[in-house]
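J.: Okay, so here is query-v7.txt, and as you'll see once you scroll down, it has compact mmCIF, C-alpha atoms.
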# COMPACT_ATOMS: atom_id res chain seq x y z
CA MET A 180 -36.11 -54.86 -40.73
CA ALA A 181 -36.22 -51.28 -39.58
CA MET A 182 -33.00 -49.47 -38.81
CA THR A 183 -32.03 -49.30 -35.18
CA MET A 184 -29.83 -47.27 -32.93
CA LYS A 185 -28.34 -47.94 -29.54
CA LEU A 186 -30.34 -46.27 -26.79
CA ASN A 187 -29.08 -45.78 -23.25
CA ILE A 188 -31.22 -44.26 -20.53
CA VAL A 189 -29.45 -43.85 -17.21
CA SER A 190 -30.15 -42.04 -13.98
CA ALA A 191 -27.61 -41.37 -11.24
CA GLU A 192 -29.01 -44.26 -9.28
CA LYS A 193 -29.50 -46.91 -11.94
CA GLU A 194 -29.56 -47.92 -15.58
CA LEU A 195 -33.10 -47.62 -16.87
CA PHE A 196 -32.77 -48.89 -20.42
CA SER A 197 -29.95 -50.08 -22.60
CA ASN A 198 -30.85 -51.75 -25.84
CA LEU A 199 -31.49 -51.24 -29.55
CA ALA A 200 -34.42 -49.03 -30.48
CA GLU A 201 -36.16 -47.98 -33.68
CA MET A 202 -37.42 -44.69 -32.40
CA VAL A 203 -37.54 -42.68 -29.24
CA ILE A 204 -39.72 -39.73 -28.34
CA VAL A 205 -38.41 -37.47 -25.60
CA PRO A 206 -39.81 -34.38 -23.85
CA GLY A 207 -37.29 -31.77 -25.02
CA ALA A 208 -37.07 -28.35 -23.42
CA MET A 209 -38.49 -26.77 -26.59
CA GLY A 210 -41.11 -29.45 -27.21
CA ASP A 211 -41.24 -33.15 -27.84
CA LEU A 212 -38.56 -34.64 -30.06
CA GLY A 213 -38.83 -37.84 -32.04
CA ILE A 214 -35.41 -39.34 -32.74
CA LEU A 215 -34.83 -41.90 -35.48
CA PRO A 216 -31.56 -43.59 -36.41
CA GLN A 217 -29.14 -41.40 -38.42
CA HIS A 218 -30.30 -38.27 -36.70
CA SER A 219 -27.54 -35.67 -36.72
CA GLN A 220 -25.73 -34.79 -33.51
CA LEU A 221 -27.94 -33.05 -31.01
CA LEU A 222 -27.70 -31.92 -27.43
CA SER A 223 -30.81 -30.90 -25.59
CA THR A 224 -32.09 -30.41 -22.09
CA LEU A 225 -35.18 -32.38 -21.16
CA LYS A 226 -38.28 -31.53 -19.19
CA ALA A 227 -39.99 -33.88 -16.82
CA GLY A 228 -42.17 -36.23 -18.80
CA GLU A 229 -42.55 -39.49 -20.60
CA VAL A 230 -39.97 -41.11 -22.87
CA VAL A 231 -41.60 -43.41 -25.41
CA ILE A 232 -39.33 -46.05 -26.88
CA THR A 233 -40.11 -48.19 -29.91
CA GLU A 234 -37.90 -51.18 -29.37
CA GLN A 235 -36.46 -53.31 -32.10
CA GLY A 236 -39.40 -55.38 -33.30
CA GLY A 237 -41.97 -52.71 -32.61
CA ASN A 238 -42.67 -53.11 -28.93
CA GLN A 239 -43.42 -49.85 -27.20
CA GLU A 240 -42.21 -48.99 -23.78
CA SER A 241 -42.44 -45.80 -21.80
CA ILE A 242 -40.30 -44.50 -18.97
CA TYR A 243 -40.94 -41.45 -16.84
CA ILE A 244 -38.03 -39.12 -16.29
CA SER A 245 -37.89 -36.00 -14.14
CA GLY A 246 -35.82 -33.97 -16.57
CA GLY A 247 -32.24 -34.37 -17.70
CA LEU A 248 -30.16 -34.25 -20.85
CA LEU A 249 -30.24 -35.86 -24.26
CA GLU A 250 -27.27 -36.53 -26.49
CA VAL A 251 -27.74 -37.84 -29.99
CA GLN A 252 -25.05 -39.33 -32.22
CA PRO A 253 -26.11 -40.93 -35.50
CA HIS A 254 -26.22 -44.44 -34.03
CA LEU A 255 -26.21 -43.71 -30.36
CA VAL A 256 -28.71 -41.92 -28.16
CA THR A 257 -27.97 -41.24 -24.52
CA ILE A 258 -30.49 -39.90 -22.05
CA LEU A 259 -29.07 -38.76 -18.74
CA SER A 260 -32.01 -38.54 -16.40
CA ASP A 261 -32.00 -36.43 -13.26
CA THR A 262 -33.04 -37.98 -10.02
CA ALA A 263 -33.36 -34.75 -8.12
CA LEU A 264 -35.85 -32.09 -9.03
CA ARG A 265 -33.82 -29.23 -10.40
CA ALA A 266 -34.43 -25.56 -10.72
CA SER A 267 -31.83 -22.83 -10.76
CA ASP A 268 -33.28 -21.01 -7.76
CA LEU A 269 -33.36 -24.27 -5.79
CA ASP A 270 -29.70 -24.84 -6.62
CA GLU A 271 -28.90 -21.30 -5.62
CA HIS A 272 -30.58 -21.87 -2.29
CA ALA A 273 -28.64 -25.09 -1.70
CA ALA A 274 -25.37 -23.34 -2.50
CA ARG A 275 -26.12 -20.55 -0.08
CA GLU A 276 -26.91 -23.06 2.64
CA ALA A 277 -23.63 -24.89 2.12
CA LYS A 278 -21.77 -21.61 2.37
CA GLU A 279 -23.60 -20.59 5.51
CA ARG A 280 -22.81 -23.90 7.14
CA ALA A 281 -19.15 -23.34 6.35
CA GLU A 282 -19.18 -19.84 7.76
CA GLU A 283 -20.91 -21.00 10.91
CA ALA A 284 -18.35 -23.70 11.38
CA LEU A 285 -15.52 -21.29 10.76
CA GLN A 286 -16.36 -18.48 13.12
CA ASP A 287 -13.31 -16.93 14.81
CA GLN A 288 -11.05 -19.13 12.75
CA GLU A 289 -7.85 -17.94 11.16
CA SER A 290 -7.51 -18.89 7.52
CA GLY A 291 -4.57 -20.54 5.89
CA ILE A 292 -3.73 -24.09 6.76
CA ASP A 293 -1.22 -24.52 9.50
CA PHE A 294 0.80 -27.20 7.77
CA ALA A 295 3.00 -27.86 10.79
CA LYS A 296 -0.07 -28.41 12.93
CA ALA A 297 -1.72 -30.58 10.31
CA GLU A 298 1.36 -32.71 9.92
CA ALA A 299 1.79 -33.03 13.65
CA SER A 300 -1.75 -34.20 14.19
CA LEU A 301 -1.55 -36.55 11.22
CA ALA A 302 1.77 -37.94 12.42
CA GLU A 303 0.21 -38.48 15.82
CA ALA A 304 -2.73 -40.37 14.37
CA ILE A 305 -0.48 -42.44 12.14
CA ALA A 306 1.82 -43.23 15.06
CA GLN A 307 -1.18 -44.38 17.04
CA LEU A 308 -2.29 -46.63 14.21
CA LYS A 309 1.21 -48.03 13.86
CA LEU A 310 1.37 -48.70 17.58
CA ILE A 311 -1.93 -50.53 17.46
CA ASP A 312 -0.61 -52.57 14.56
CA LYS A 313 2.57 -53.40 16.43
CA LEU A 314 0.69 -54.37 19.57
CA ARG A 315 -1.54 -56.57 17.50
CA LYS A 316 1.44 -58.34 15.95
CA LYS A 317 3.08 -58.74 19.34
CA ARG A 318 -0.05 -60.27 20.70
CA LYS A 319 -0.26 -62.65 17.77
CA GLY A 320 3.39 -63.54 18.46
CA HIS A 321 2.88 -65.21 21.79
CA MET B 4 -0.18 -58.85 40.87
CA ALA B 5 -3.78 -57.71 40.65
CA SER B 6 -6.24 -59.58 42.79
CA GLY B 7 -8.57 -62.15 41.31
CA LYS B 8 -11.61 -59.91 41.56
CA GLU B 9 -9.98 -57.05 39.68
CA ILE B 10 -8.93 -59.32 36.86
CA ARG B 11 -12.40 -60.82 36.68
CA SER B 12 -14.03 -57.44 36.33
CA GLN B 13 -11.48 -56.47 33.68
CA ILE B 14 -12.25 -59.61 31.72
CA SER B 15 -15.98 -58.96 31.86
CA SER B 16 -15.53 -55.37 30.68
CA ILE B 17 -13.40 -56.53 27.75
CA LYS B 18 -16.04 -59.11 26.94
CA ASN B 19 -18.64 -56.36 26.77
CA THR B 20 -16.43 -54.34 24.45
CA GLN B 21 -15.90 -57.42 22.31
CA LYS B 22 -19.65 -57.86 21.98
CA ILE B 23 -19.96 -54.27 20.78
CA THR B 24 -17.13 -54.52 18.27
CA SER B 25 -18.39 -57.79 16.83
CA ALA B 26 -21.88 -56.32 16.50
CA MET B 27 -20.39 -53.30 14.74
CA GLU B 28 -18.47 -55.59 12.43
CA MET B 29 -21.65 -57.35 11.38
CA VAL B 30 -23.50 -54.08 10.87
CA ALA B 31 -20.63 -52.74 8.78
CA ALA B 32 -20.53 -55.93 6.71
CA SER B 33 -24.19 -55.68 5.77
CA LYS B 34 -23.96 -51.95 5.12
CA MET B 35 -20.90 -52.53 2.99
CA ARG B 36 -22.77 -54.88 0.70
CA ARG B 37 -25.48 -52.31 0.19
CA ALA B 38 -22.92 -49.56 -0.35
CA GLN B 39 -21.17 -51.67 -2.97
CA ASP B 40 -24.46 -52.27 -4.75
CA ARG B 41 -25.12 -48.57 -4.77
CA MET B 42 -21.65 -47.93 -6.10
CA SER B 43 -22.13 -50.29 -9.02
CA ALA B 44 -25.65 -48.96 -9.65
CA SER B 45 -24.41 -45.43 -10.13
CA ARG B 46 -21.57 -46.45 -12.38
CA PRO B 47 -23.49 -46.59 -15.70
CA TYR B 48 -24.55 -42.97 -15.28
CA ALA B 49 -20.99 -41.84 -14.61
CA GLU B 50 -19.73 -43.82 -17.61
CA LYS B 51 -22.35 -42.46 -19.99
CA MET B 52 -21.67 -38.99 -18.66
CA ILE B 53 -17.99 -39.40 -19.44
CA ASP B 54 -18.84 -40.68 -22.92
CA VAL B 55 -21.01 -37.66 -23.66
CA VAL B 56 -18.40 -35.22 -22.36
CA CYS B 57 -15.79 -36.98 -24.51
CA HIS B 58 -17.99 -36.54 -27.59
CA LEU B 59 -18.34 -32.92 -26.63
CA ALA B 60 -14.58 -32.54 -26.44
CA TYR B 61 -14.40 -33.85 -30.02
CA ALA B 62 -17.10 -31.54 -31.29
CA HIS B 63 -16.12 -28.20 -32.76
CA THR B 64 -18.40 -26.13 -30.64
CA GLU B 65 -18.84 -22.46 -31.33
CA TYR B 66 -19.21 -21.87 -27.62
CA LYS B 67 -16.08 -22.55 -25.58
CA HIS B 68 -17.05 -23.31 -22.03
CA PRO B 69 -14.71 -22.03 -19.28
CA TYR B 70 -14.74 -25.50 -17.68
CA LEU B 71 -12.87 -26.79 -20.70
CA GLN B 72 -10.24 -24.07 -20.75
CA GLU B 73 -6.96 -24.34 -18.93
CA ARG B 74 -5.79 -21.23 -17.09
CA GLU B 75 -2.91 -20.40 -14.83
CA ALA B 76 -3.46 -21.53 -11.27
CA ARG B 77 -3.33 -18.84 -8.65
CA ARG B 78 -5.89 -20.28 -6.31
CA VAL B 79 -7.19 -23.82 -6.22
CA GLY B 80 -10.19 -25.54 -4.66
CA TYR B 81 -10.38 -28.91 -3.01
CA ILE B 82 -13.49 -30.96 -2.37
CA ILE B 83 -12.59 -33.28 0.48
CA ILE B 84 -14.90 -36.26 0.89
CA SER B 85 -14.62 -37.99 4.24
CA SER B 86 -16.80 -40.17 6.41
CA ASP B 87 -19.14 -38.80 9.04
CA ARG B 88 -18.09 -41.26 11.70
CA GLY B 89 -14.89 -42.63 13.06
CA LEU B 90 -13.91 -46.15 14.12
CA CYS B 91 -12.85 -47.05 10.62
CA GLY B 92 -9.12 -47.51 11.06
CA GLY B 93 -6.77 -45.22 9.19
CA LEU B 94 -9.22 -44.41 6.39
CA ASN B 95 -9.71 -40.69 7.03
CA THR B 96 -6.20 -40.14 8.35
CA ASN B 97 -4.63 -41.53 5.21
CA LEU B 98 -6.97 -39.43 3.10
CA PHE B 99 -6.10 -36.21 4.92
CA LYS B 100 -2.43 -37.02 4.65
CA GLU B 101 -2.76 -37.36 0.89
CA ALA B 102 -4.71 -34.10 0.72
CA ILE B 103 -2.25 -32.22 2.93
CA ASN B 104 0.70 -33.42 0.86
CA ASP B 105 -0.98 -32.17 -2.28
CA MET B 106 -1.92 -28.86 -0.69
CA LYS B 107 1.57 -28.39 0.60
CA ALA B 108 2.92 -28.64 -2.92
CA CYS B 109 0.47 -25.89 -3.91
CA ASN B 110 1.46 -23.82 -0.94
CA GLU B 111 5.11 -23.90 -1.93
CA LYS B 112 4.15 -22.41 -5.27
CA ASP B 113 2.25 -19.63 -3.49
CA ILE B 114 -1.06 -20.97 -4.64
CA GLU B 115 -3.88 -20.27 -2.26
CA ILE B 116 -6.39 -22.90 -1.26
CA ASP B 117 -10.14 -23.03 -0.78
CA ILE B 118 -11.66 -26.11 0.77
CA CYS B 119 -15.10 -27.64 0.49
CA VAL B 120 -15.63 -30.34 3.08
CA ILE B 121 -18.09 -33.20 2.83
CA GLY B 122 -18.41 -35.31 5.96
CA SER B 123 -17.92 -34.28 9.56
CA LYS B 124 -14.47 -35.88 9.93
CA ALA B 125 -13.01 -33.63 7.23
CA SER B 126 -14.74 -30.61 8.69
CA ALA B 127 -13.34 -31.34 12.17
CA PHE B 128 -9.85 -31.90 10.82
CA PHE B 129 -9.63 -28.81 8.64
CA LYS B 130 -11.21 -26.71 11.34
CA SER B 131 -8.53 -27.74 13.80
CA VAL B 132 -5.60 -27.21 11.47
CA GLY B 133 -6.97 -24.09 9.81
CA GLY B 134 -7.85 -23.68 6.17
CA ASN B 135 -10.26 -21.60 4.22
CA ILE B 136 -13.44 -23.68 4.27
CA VAL B 137 -15.95 -22.22 1.84
CA ALA B 138 -18.62 -24.90 1.80
CA HIS B 139 -19.63 -27.56 4.19
CA THR B 140 -21.92 -30.59 4.02
CA GLU B 141 -22.27 -33.32 6.56
CA ASN B 142 -24.57 -36.04 7.81
CA LEU B 143 -25.05 -37.57 4.38
CA GLY B 144 -25.75 -40.91 6.06
CA ASP B 145 -25.32 -44.28 4.46
CA GLU B 146 -27.42 -43.46 1.46
CA PRO B 147 -26.01 -40.22 0.14
CA SER B 148 -28.35 -38.44 -2.23
CA LEU B 149 -27.33 -36.09 -4.98
CA GLU B 150 -29.62 -33.39 -3.64
CA ASN B 151 -27.48 -32.93 -0.55
CA LEU B 152 -24.37 -32.42 -2.62
CA ILE B 153 -25.69 -29.92 -5.14
CA GLY B 154 -25.20 -26.94 -2.81
CA SER B 155 -21.57 -27.58 -1.98
CA VAL B 156 -20.64 -28.44 -5.54
CA LYS B 157 -22.37 -25.36 -6.89
CA THR B 158 -20.45 -23.15 -4.47
CA MET B 159 -17.19 -24.46 -5.91
CA LEU B 160 -18.39 -24.28 -9.52
CA ASP B 161 -19.51 -20.69 -9.01
CA ALA B 162 -16.12 -19.88 -7.53
CA TYR B 163 -14.52 -21.37 -10.62
CA ALA B 164 -16.82 -19.57 -13.01
CA GLU B 165 -16.16 -16.25 -11.27
CA GLY B 166 -12.43 -16.87 -11.40
CA ARG B 167 -11.93 -17.14 -7.66
CA ILE B 168 -10.39 -20.55 -8.14
CA ASP B 169 -8.52 -21.80 -11.20
CA ARG B 170 -8.44 -25.52 -10.50
CA LEU B 171 -10.72 -27.86 -8.66
CA PHE B 172 -9.69 -31.16 -7.15
CA VAL B 173 -11.70 -33.85 -5.48
CA VAL B 174 -10.15 -35.99 -2.75
CA PHE B 175 -11.78 -39.29 -1.81
CA ASN B 176 -11.07 -42.92 -1.06
CA LYS B 177 -11.24 -45.22 -4.04
CA PHE B 178 -12.69 -48.62 -3.36
CA VAL B 179 -10.19 -51.20 -4.60
CA ASN B 180 -11.47 -54.16 -2.63
CA THR B 181 -12.70 -54.91 0.86
CA MET B 182 -9.20 -54.83 2.33
CA THR B 183 -7.76 -51.97 0.30
CA GLN B 184 -8.91 -48.41 -0.05
CA GLN B 185 -6.82 -45.93 -1.91
CA PRO B 186 -6.88 -42.20 -1.21
CA ILE B 187 -7.05 -40.28 -4.47
CA VAL B 188 -6.65 -36.65 -5.47
CA ALA B 189 -8.28 -36.13 -8.85
CA GLN B 190 -8.57 -32.96 -10.90
CA ILE B 191 -12.10 -32.26 -12.03
CA LEU B 192 -11.75 -28.71 -13.32
CA PRO B 193 -10.77 -27.66 -15.86
CA ILE B 194 -11.98 -30.82 -17.53
CA ALA B 195 -8.81 -32.39 -18.83
CA VAL B 196 -9.14 -33.54 -22.40
CA ALA B 197 -6.89 -36.45 -21.49
CA PRO B 198 -9.82 -38.58 -20.30
CA ALA B 199 -11.12 -38.44 -23.86
CA GLU B 200 -7.98 -40.26 -24.93
CA ASP B 201 -8.33 -42.77 -22.12
CA HIS B 202 -11.83 -43.58 -23.08
CA LYS B 203 -11.18 -43.61 -26.77
CA ARG B 204 -10.51 -47.30 -26.72
CA VAL B 205 -13.77 -48.06 -24.97
CA ARG B 206 -15.65 -45.74 -27.24
CA TYR B 207 -13.99 -47.11 -30.28
CA HIS B 208 -15.07 -50.55 -29.29
CA GLU B 209 -18.60 -49.40 -28.80
CA MET B 210 -18.83 -47.49 -32.05
CA SER B 211 -16.82 -49.66 -34.38
CA GLU B 212 -19.80 -51.81 -35.36
CA ASP B 213 -21.51 -48.76 -36.77
CA ASP B 214 -18.24 -47.50 -38.18
CA ASP B 215 -19.22 -44.19 -36.74
CA HIS B 216 -15.89 -43.42 -35.21
CA ALA B 217 -14.44 -42.07 -38.44
CA ASP B 218 -17.13 -39.40 -38.49
CA MET B 219 -15.94 -38.08 -35.18
CA LYS B 220 -12.78 -36.73 -36.75
CA TYR B 221 -14.54 -34.44 -39.17
CA HIS B 222 -15.74 -31.01 -38.32
CA TRP B 223 -19.14 -31.20 -36.83
CA ASP B 224 -21.12 -29.51 -34.15
CA TYR B 225 -24.22 -30.36 -32.23
CA ILE B 226 -27.64 -28.96 -32.81
CA TYR B 227 -28.52 -27.36 -29.51
CA GLU B 228 -31.88 -27.01 -27.92
CA PRO B 229 -32.47 -24.47 -26.54
CA GLU B 230 -29.09 -22.61 -26.64
CA ALA B 231 -25.55 -23.98 -26.79
CA GLU B 232 -24.55 -22.15 -23.66
CA GLU B 233 -27.48 -23.33 -21.62
CA VAL B 234 -27.22 -26.97 -22.67
CA ILE B 235 -23.47 -27.23 -22.20
CA ASP B 236 -23.73 -25.51 -18.82
CA ALA B 237 -26.33 -28.00 -17.69
CA LEU B 238 -24.35 -30.92 -19.04
CA LEU B 239 -21.04 -29.97 -17.48
CA MET B 240 -22.63 -29.12 -14.16
CA ARG B 241 -24.18 -32.58 -14.03
CA TYR B 242 -20.90 -34.09 -15.12
CA ILE B 243 -19.06 -32.53 -12.20
CA GLU B 244 -21.84 -33.47 -9.81
CA SER B 245 -21.79 -37.04 -11.00
CA LEU B 246 -18.02 -37.19 -10.42
CA VAL B 247 -18.46 -35.88 -6.89
CA TYR B 248 -21.42 -38.16 -6.26
CA GLN B 249 -19.44 -41.14 -7.47
CA GLY B 250 -16.66 -40.11 -5.07
CA VAL B 251 -19.09 -39.90 -2.19
CA VAL B 252 -20.65 -43.27 -2.94
CA GLU B 253 -17.25 -44.89 -3.21
CA ASN B 254 -16.15 -43.28 0.00
CA VAL B 255 -19.17 -44.73 1.81
CA ALA B 256 -18.30 -48.21 0.56
CA CYS B 257 -14.70 -47.64 1.69
CA GLU B 258 -15.85 -46.44 5.08
CA GLN B 259 -17.97 -49.50 5.71
CA SER B 260 -15.35 -51.96 4.57
CA ALA B 261 -12.61 -50.20 6.54
CA ARG B 262 -14.85 -50.24 9.59
CA MET B 263 -15.60 -53.91 9.10
CA VAL B 264 -11.90 -54.74 8.97
CA ALA B 265 -11.07 -52.49 11.93
CA MET B 266 -13.85 -53.97 14.02
CA ARG B 267 -12.88 -57.49 13.13
CA SER B 268 -9.33 -56.92 14.32
CA ALA B 269 -10.65 -55.17 17.43
CA THR B 270 -12.77 -58.25 18.17
CA ASP B 271 -9.76 -60.52 17.60
CA ASN B 272 -7.61 -58.37 19.83
CA ALA B 273 -10.23 -58.41 22.57
CA GLY B 274 -10.26 -62.21 22.32
CA ASP B 275 -6.46 -62.33 22.67
CA MET B 276 -6.61 -59.99 25.61
CA ILE B 277 -9.24 -62.09 27.34
CA ASP B 278 -7.09 -65.20 26.86
CA ASP B 279 -4.08 -63.46 28.37
CA LEU B 280 -6.03 -62.14 31.31
CA GLN B 281 -7.65 -65.51 31.88
CA LEU B 282 -4.18 -67.01 32.16
CA VAL B 283 -3.11 -64.36 34.67
CA TYR B 284 -6.33 -64.88 36.60
CA ASN B 285 -5.83 -68.66 36.76
CA LYS B 286 -2.26 -68.22 37.92
CA ALA B 287 -3.32 -65.80 40.64
CA ARG B 288 -6.08 -68.14 41.74
CA GLN B 289 -3.68 -71.09 41.80
CA ALA B 290 -1.15 -69.08 43.80
CA ALA B 291 -3.80 -68.08 46.34
CA ILE B 292 -4.91 -71.70 46.77
CA THR B 293 -1.33 -72.91 47.13
CA GLN B 294 -0.64 -70.27 49.70
CA GLU B 295 -3.78 -71.13 51.66
CA LEU B 296 -2.88 -74.82 51.60
CA SER B 297 0.64 -74.22 52.78
CA GLU B 298 -0.69 -72.02 55.57
CA ILE B 299 -3.05 -74.78 56.71
CA VAL B 300 -0.31 -77.38 56.53
CA ALA B 301 2.08 -75.11 58.44
CA GLY B 302 -0.64 -74.45 61.03
CA ALA B 303 -1.32 -78.17 61.43
CA ALA B 304 2.39 -78.89 61.80
CA ALA B 305 2.68 -76.25 64.50
CA VAL B 306 -0.08 -77.83 66.65
Show how you would write the structure in this file as C-alpha cells.
T.:
Amino acid sequence: MAMTMKLNIVSAEKELFSNLAEMVIVPGAMGDLGILPQHSQLLSTLKAGEVVITEQGGNQESIYISGGLLEVQPHLVTILSDTALRASDLDEHAAREAKERAEEALQDQESGIDFAKAEASLAEAIAQLKLIDKLRKKRKGH
Amino acid sequence: MASGKEIRSQISSIKNTQKITSAMEMVAASKMRRAQDRMSASRPYAEKMIDVVCHLAYAHTEYKHPYLQEREARRVGYIIISSDRGLCGGLNTNLFKEAINDMKACNEKDIEIDICVIGSKASAFFKSVGGNIVAHTENLGDEPSLENLIGSVKTMLDAYAEGRIDRLFVVFNKFVNTMTQQPIVAQILPIAVAPAEDHKRVRYHEMSEDDDHADMKYHWDYIYEPEAEEVIDALLMRYIESLVYQGVVENVACEQSARMVAMRSATDNAGDMIDDLQLVYNKARQAAITQELSEIVAGAAAV
C-alpha cells in the first residue's frame, strides 16, 4: 500500500477535506506543487485554482480554492483556504474605509476615555438590570 | 383606584407588547441555532490555523516576525466586538465593563489606548465616554463575513507594525452555553508562545502515531515559497483575522442567545403583569357592581 499523509483542507467557513491522502497537487504562488508523504517542511502561499487530491486507495478528488496558504510537515499537510478574494490594494482600501468611518464618527470628540463617565454610565445600566431582576423576583414571589 | 376602562386599555397594551417579545424570542431562538452552526463551522479553520502557527513557533526561522516579538507596552490597542442591536439583556454592558476595567489598569500605568470598534453598540458607548477610536465597523448583520472585518483588523495590524501600538487585545463574549456568555479580554499581539504549550497536548496526540513529534525539537526551518517574509506575513495576518472572525461569530451566537433569554423573561413578566392587572380590574368591577347594588337597594328602601 502506498504511503499516506494526513491532509486537512479548511476554509474560514467550513472544513473541506480531512482524511488520508497519497498525493496532493496545489496551485502554489510560484507554480503548481505536488506534495507526497515525507516532504520536508514547507510554507507557501497559494493562488486561486484547483487542488487535486489522490486519496488513499487511488481515488482522485478536486477542490477549488480561491487562494490561501499551505503548510507541509512530513506527515501532515494543511491547506488554509481563503474565502474572500484578497489583494493587497483591496485590503488597503478596506483599511482606509474603516479609518474614515472612525474619523467620521469621532468628529469634535475629545480623546482619552473619561473613566468616571464610563463607570457612571455602566453603573447606571447595571443598576437598571439589577432592578429589573429584583422586580422580576418580587413578581415571582407573590 | 384606576377606573375599569383604564385598566382594560393597560392590559391590552401589555398584551401587545407580550406578543412582540414572544415573537422576538422565537426569532432569536432560530437565529441562535444558525449562529451556533456557523460558530462550529468556522472552528476547524481556527484550530488548524493555531496548529500551523504553533509549528511556526517551533521552527527556527531566519526571519523573526515583529508579531512574534514582545516589546515594552507604551500604547495598546483594543478590538471591541459588540452587537449591533440592543434588547439582549446585560450582554454588551457586561462586556464594556470588562473592557473598561482592563483599560483602567492600563491607564494607571500611563499606557495610552487606541480602540477599534466592531458593532454599533460599542461605537455608541465609546463615543459617549470618549476614547481614541481608530477604526470602526458596524452593521455586520447576522452572518458576519470576513471581508467586512479585514479593513478594521488591518488598521490595527498596521498600527502594530509601525510601532504605534505595542499590544493588541480583542474583547468579545465567549459562548459558554445558551444561558451563559462570558466577556473575555484576550491578547492577540504579540502572539504569545504560550498557546503553543497549551496546544502541545493536542498536537502530540495528533502526531504521535507518526512519531513525528520528536522531529519538532531539532533545528529545522521551512522551505518558503516565495519568500519567508511574504509567506509569514500572509500567514500571521490570516491568523489574526481568524481570531477576530471567531470572536465576531461567537459574539453573534451570544447576542442571539442573550436576546432569547431576555425576551423570554420579558414575555413571562408581561404575563405576570397581565395577571396582576386582571385581578385589580376584577376587584374594581366587583366594587362598582356592589356599589351600584347598594345604591339601588338604598333607593328602594327610601321609597
J.: Could you list, as a PDB file with C-alpha atoms, keeping the file's coordinate frame, every residue within 12 Å of B:Lys286, counting all atoms listed in the file and ignoring same-chain residues fewer than 3 positions away?
T.:
ATOM      1  CA  MET B   4      -0.180 -58.850  40.870  1.00  0.00           C
ATOM      2  CA  ALA B   5      -3.780 -57.710  40.650  1.00  0.00           C
ATOM      3  CA  SER B   6      -6.240 -59.580  42.790  1.00  0.00           C
ATOM      4  CA  GLY B   7      -8.570 -62.150  41.310  1.00  0.00           C
ATOM      5  CA  ILE B  10      -8.930 -59.320  36.860  1.00  0.00           C
ATOM      6  CA  ASP B 279      -4.080 -63.460  28.370  1.00  0.00           C
ATOM      7  CA  LEU B 280      -6.030 -62.140  31.310  1.00  0.00           C
ATOM      8  CA  GLN B 281      -7.650 -65.510  31.880  1.00  0.00           C
ATOM      9  CA  LEU B 282      -4.180 -67.010  32.160  1.00  0.00           C
ATOM     10  CA  VAL B 283      -3.110 -64.360  34.670  1.00  0.00           C
ATOM     11  CA  GLN B 289      -3.680 -71.090  41.800  1.00  0.00           C
ATOM     12  CA  ALA B 290      -1.150 -69.080  43.800  1.00  0.00           C
ATOM     13  CA  ALA B 291      -3.800 -68.080  46.340  1.00  0.00           C
ATOM     14  CA  ILE B 292      -4.910 -71.700  46.770  1.00  0.00           C
ATOM     15  CA  THR B 293      -1.330 -72.910  47.130  1.00  0.00           C
TER      16      THR B 293
END
J.: Tell me, as a PDB file with C-alpha atoms, keeping the file's coordinate frame, which residues lie within 6 Å of A:Leu249, counting only C-alpha atoms; anything in the same chain fewer than 4 positions away does not count.
T.:
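Below is the file part_37.pdb, written as the result:
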ATOM      1  CA  LEU A 222     -27.700 -31.920 -27.430  1.00  0.00           C
ATOM      2  CA  SER A 223     -30.810 -30.900 -25.590  1.00  0.00           C
ATOM      3  CA  THR A 257     -27.970 -41.240 -24.520  1.00  0.00           C
ATOM      4  CA  ILE A 258     -30.490 -39.900 -22.050  1.00  0.00           C
TER       5      ILE A 258
END
J.: Find the residue from B:Lys100, B:Arg88, B:Lys22, B:Lys34 that sits nearest to chain A; use all atoms listed in the file when measuring.
T.: B:Lys100
J.: For B:Asp54, which residue out of A:Asn198, A:Ser241, A:Gln252, A:Gln307 is the nearest one, using only C-alpha atoms?
T.: A:Gln252
J.: Find the spatial neighbours of B:Thr183, counting only C-alpha atoms, within a cut-off of 9 Å - ignore same-chain residues fewer than 4 positions away - and output them as a PyMOL selection string.
T.: chain B and resi 177-179+257+260-261
J.: Those residues you just picked out, can you put them in a file as a CSV table (one decimal), in the coordinates of the input with C-alpha atoms?
T.:
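Saved to result08.csv:
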chain,number,residue,atom,x,y,z
B,177,LYS,CA,-11.2,-45.2,-4.0
B,178,PHE,CA,-12.7,-48.6,-3.4
B,179,VAL,CA,-10.2,-51.2,-4.6
B,257,CYS,CA,-14.7,-47.6,1.7
B,260,SER,CA,-15.4,-52.0,4.6
B,261,ALA,CA,-12.6,-50.2,6.5
J.: What is the distance between atom CA of B:Ala108 and atom CA of B:Leu192, in Å to one decimal?
T.: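 About the pair atom CA of B:Ala108 and atom CA of B:Leu192: they are 18.0 Å apart.
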J.: State, in Å with one decimal place, the distance from atom CA of A:Leu212 to atom CA of B:Ile53.
T.: 23.6 Å
